[in-house]
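See below for the structure under consideration.
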Amino acid sequence: MVRLSDLPDYEREHLLSKNLEPLGPPVWNQLTKPVAELRVALITTAGLHFRDDPAFEFTDSTFRPIAGTEDGNTLVMSHSSVNFDKTGFLEDVNLVFPIDRFRELEAEGKIGSLASVHYSFMGAGLKPSAYETSALQVAGLLKKDKVDAVFLTPV
Amino acid sequence: MSALSYYLEREGILTTGISLVRENTVSLQPPRALWVSFPLGRPLGIPGDRAFQHKVIDTALALLMREKGPVLEDFPLDAPTVDMESAPACPVSFAKRAVSTDSWKAALLSELQTLQTWQDLGRRRRKGRTLVGVSSLSMQENVEKLGQLLDDKVLPASELDWFKLAIEDAKVFYLEALTAQPGDYNPEQLQSIFWKETTMGFALMKFYNMFQEDKVLSGFARIVVPRAAIDGPTD
């Protein structure tokens, strides 16, 4: 469990070193239609991509697109951190990138639709502000895809 | 996660998602986050548990209906841990051996041959799914190169990109072999076997020490071996 009180000192100190100031004044958008009508994209920071995509570098703020029609089971991971468990992801891609769960929500009508393309980043080794340029690019792509909401998963 | 959430929301896109380290989320204040108590690497909690994963997702999606933020909610359920006693036995017996060897290349290739059958079995159990393949070289080629570097006592200073992908392929190859049989595994137990019993674990620890001693490349050591294997408890 990631309760800091449960972790050894070396791990706790490392994780607390990532406590940083907010990136700016609070931002907030109000929901204007039911969740059942939202078009949703997934974004992971787990460093996922397909084998024929470039792997992520040691520190890397770029992103990889994941087409909504692809089989999540063909994704691989090139995250530079070695300090998290990969055995769960090995058994089930949805543990990190819940694409099948969201396809089920779409089929059941609990969300409006899934985006044409989802996105993967690699969250390690950089300050949060280093992701601004890539995030703005992805925001533009999401808007073109008429995406209303994003579901984010770390690793 | 928090940074992307902040920038996307600023661009007018609603965001919600998972927080694995509550303290980091408290400090960065993304618009909406659901903190979960699950281990790093497992943001949806339990592999293969569709119902549990849907509970996590539903709770995070419900944050979209809040009227003001930032919102940081705690998910009420923990993910169960797997007792080491109830986990399937490791299919391979790794002879306890000295950290040094006459030929790392020969020892690593021998171990690769032993594990190949089990990795094949694991891949079939997962219906062909494998995480091996981020490196452009085969496991055999990577193991030969890694072994030769250790035999020559040199670091891959001009091939760091290859080295990182090669060792990540090696780690997941071993995990796939060690988990060839169906069942729930204890991740810490698997890590312990890899780092304390396998020749590859010893080899990567050797690389870690070589990087540590190198004035230019010492920073690279931390992405070879996890903190738990360096600073964690010893048997």
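Quick note on naming: the chains in the structure tokens go A, B, ... in the order shown, residues restart at 1 in each chain, and ligands are numbered from 1 in order of appearance.
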Exercise. Do me a favour and pick out the residues of chain B within 7 Å of chain A, using only C-alpha atoms, as a PyMOL selection string.
Key: chain B and resi 1+3-4+6-21+23-24+27-29+31+37-48+54+64-65+67+69+129+131+133-134+187+223-227
Output file for the selection above: C-alpha atoms, as an mmCIF file, in the first residue's frame:
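And here is the file that came out, result.cif:
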```
data_model
loop_
_atom_site.group_PDB
_atom_site.id
_atom_site.type_symbol
_atom_site.label_atom_id
_atom_site.label_comp_id
_atom_site.auth_asym_id
_atom_site.auth_seq_id
_atom_site.Cartn_x
_atom_site.Cartn_y
_atom_site.Cartn_z
ATOM 1 C CA MET B 1 -0.557 12.852 -13.546
ATOM 2 C CA ALA B 3 0.534 18.242 -14.208
ATOM 3 C CA LEU B 4 -1.347 16.802 -17.179
ATOM 4 C CA TYR B 6 -3.839 20.808 -14.559
ATOM 5 C CA TYR B 7 -2.859 21.734 -18.124
ATOM 6 C CA LEU B 8 -5.755 19.870 -19.784
ATOM 7 C CA GLU B 9 -8.309 21.364 -17.406
ATOM 8 C CA ARG B 10 -6.849 24.811 -18.084
ATOM 9 C CA GLU B 11 -7.556 24.156 -21.774
ATOM 10 C CA GLY B 12 -11.215 23.475 -21.010
ATOM 11 C CA ILE B 13 -11.157 19.670 -20.799
ATOM 12 C CA LEU B 14 -12.650 17.996 -17.732
ATOM 13 C CA THR B 15 -10.174 15.740 -15.958
ATOM 14 C CA THR B 16 -10.363 13.075 -13.284
ATOM 15 C CA GLY B 17 -8.125 10.194 -12.370
ATOM 16 C CA ILE B 18 -6.130 8.213 -9.881
ATOM 17 C CA SER B 19 -3.619 9.374 -7.288
ATOM 18 C CA LEU B 20 -1.177 6.804 -5.921
ATOM 19 C CA VAL B 21 0.762 9.123 -3.607
ATOM 20 C CA GLU B 23 0.868 13.685 -0.329
ATOM 21 C CA ASN B 24 2.032 14.568 -3.853
ATOM 22 C CA SER B 27 0.726 19.544 -2.792
ATOM 23 C CA LEU B 28 0.087 19.866 -6.552
ATOM 24 C CA GLN B 29 -3.728 20.212 -6.272
ATOM 25 C CA PRO B 31 -8.718 19.585 -10.174
ATOM 26 C CA SER B 37 -4.033 2.834 -1.302
ATOM 27 C CA PHE B 38 -2.781 0.382 -3.918
ATOM 28 C CA PRO B 39 0.919 -0.312 -4.542
ATOM 29 C CA LEU B 40 2.822 1.727 -7.118
ATOM 30 C CA GLY B 41 2.284 0.086 -10.495
ATOM 31 C CA ARG B 42 -1.321 -0.916 -9.695
ATOM 32 C CA PRO B 43 -3.567 2.158 -10.050
ATOM 33 C CA LEU B 44 -6.725 0.090 -10.670
ATOM 34 C CA GLY B 45 -6.034 -2.183 -7.710
ATOM 35 C CA ILE B 46 -6.395 -5.835 -8.643
ATOM 36 C CA PRO B 47 -5.316 -7.460 -11.937
ATOM 37 C CA GLY B 48 -8.079 -9.384 -13.650
ATOM 38 C CA HIS B 54 -15.120 -0.715 -12.259
ATOM 39 C CA LEU B 64 -16.787 14.969 -12.414
ATOM 40 C CA MET B 65 -20.175 15.790 -10.896
ATOM 41 C CA GLU B 67 -19.582 21.513 -8.151
ATOM 42 C CA GLY B 69 -12.694 21.872 -6.508
ATOM 43 C CA ARG B 129 0.722 -11.488 -24.179
ATOM 44 C CA LEU B 131 6.024 -7.370 -22.295
ATOM 45 C CA GLY B 133 10.309 -6.554 -26.909
ATOM 46 C CA VAL B 134 11.036 -2.929 -26.062
ATOM 47 C CA PRO B 187 5.285 -9.056 -6.136
ATOM 48 C CA ILE B 223 17.500 3.188 -13.064
ATOM 49 C CA VAL B 224 19.180 -0.218 -13.020
ATOM 50 C CA VAL B 225 18.243 -1.565 -9.591
ATOM 51 C CA PRO B 226 15.186 -0.584 -7.505
ATOM 52 C CA ARG B 227 15.629 1.143 -4.162
#
```
Self-check item: alpha helix (DSSP H) call set, DSSP backbone run, range 7-213 of chain B, as a ChimeraX atom specification
Solution: /B:7-10,22-28,50-62,104-125,139-152,160-178,187-197,199-213
Exercise. Taking the chain letters and numbering used in this document, name the residues of range 57-105 of chain A that DSSP puts in strand (DSSP E), as a VMD selection string.
Key: chain A and resid 64 to 67 75 to 77
For the residues selected in the previous step, produce a file with N, CA and C atoms as an mmCIF file, in the first residue's frame.
```cif
data_model
loop_
_atom_site.group_PDB
_atom_site.id
_atom_site.type_symbol
_atom_site.label_atom_id
_atom_site.label_comp_id
_atom_site.auth_asym_id
_atom_site.auth_seq_id
_atom_site.Cartn_x
_atom_site.Cartn_y
_atom_site.Cartn_z
ATOM 1 N N ARG A 64 2.934 9.268 -26.680
ATOM 2 C CA ARG A 64 2.668 8.292 -27.734
ATOM 3 C C ARG A 64 1.155 8.149 -27.868
ATOM 4 N N PRO A 65 0.619 8.210 -29.091
ATOM 5 C CA PRO A 65 -0.815 7.976 -29.267
ATOM 6 C C PRO A 65 -1.145 6.486 -29.201
ATOM 7 N N ILE A 66 -2.311 6.185 -28.682
ATOM 8 C CA ILE A 66 -2.792 4.801 -28.644
ATOM 9 C C ILE A 66 -4.164 4.798 -29.311
ATOM 10 N N ALA A 67 -4.220 4.325 -30.534
ATOM 11 C CA ALA A 67 -5.490 4.344 -31.277
ATOM 12 C C ALA A 67 -6.541 3.512 -30.535
ATOM 13 N N LEU A 75 0.377 -3.625 -25.945
ATOM 14 C CA LEU A 75 1.171 -2.515 -25.413
ATOM 15 C C LEU A 75 2.350 -3.033 -24.599
ATOM 16 N N VAL A 76 3.468 -2.335 -24.673
ATOM 17 C CA VAL A 76 4.625 -2.623 -23.812
ATOM 18 C C VAL A 76 4.939 -1.356 -23.020
ATOM 19 N N MET A 77 5.907 -1.454 -22.139
ATOM 20 C CA MET A 77 6.197 -0.354 -21.210
ATOM 21 C C MET A 77 7.691 -0.043 -21.228
#
```
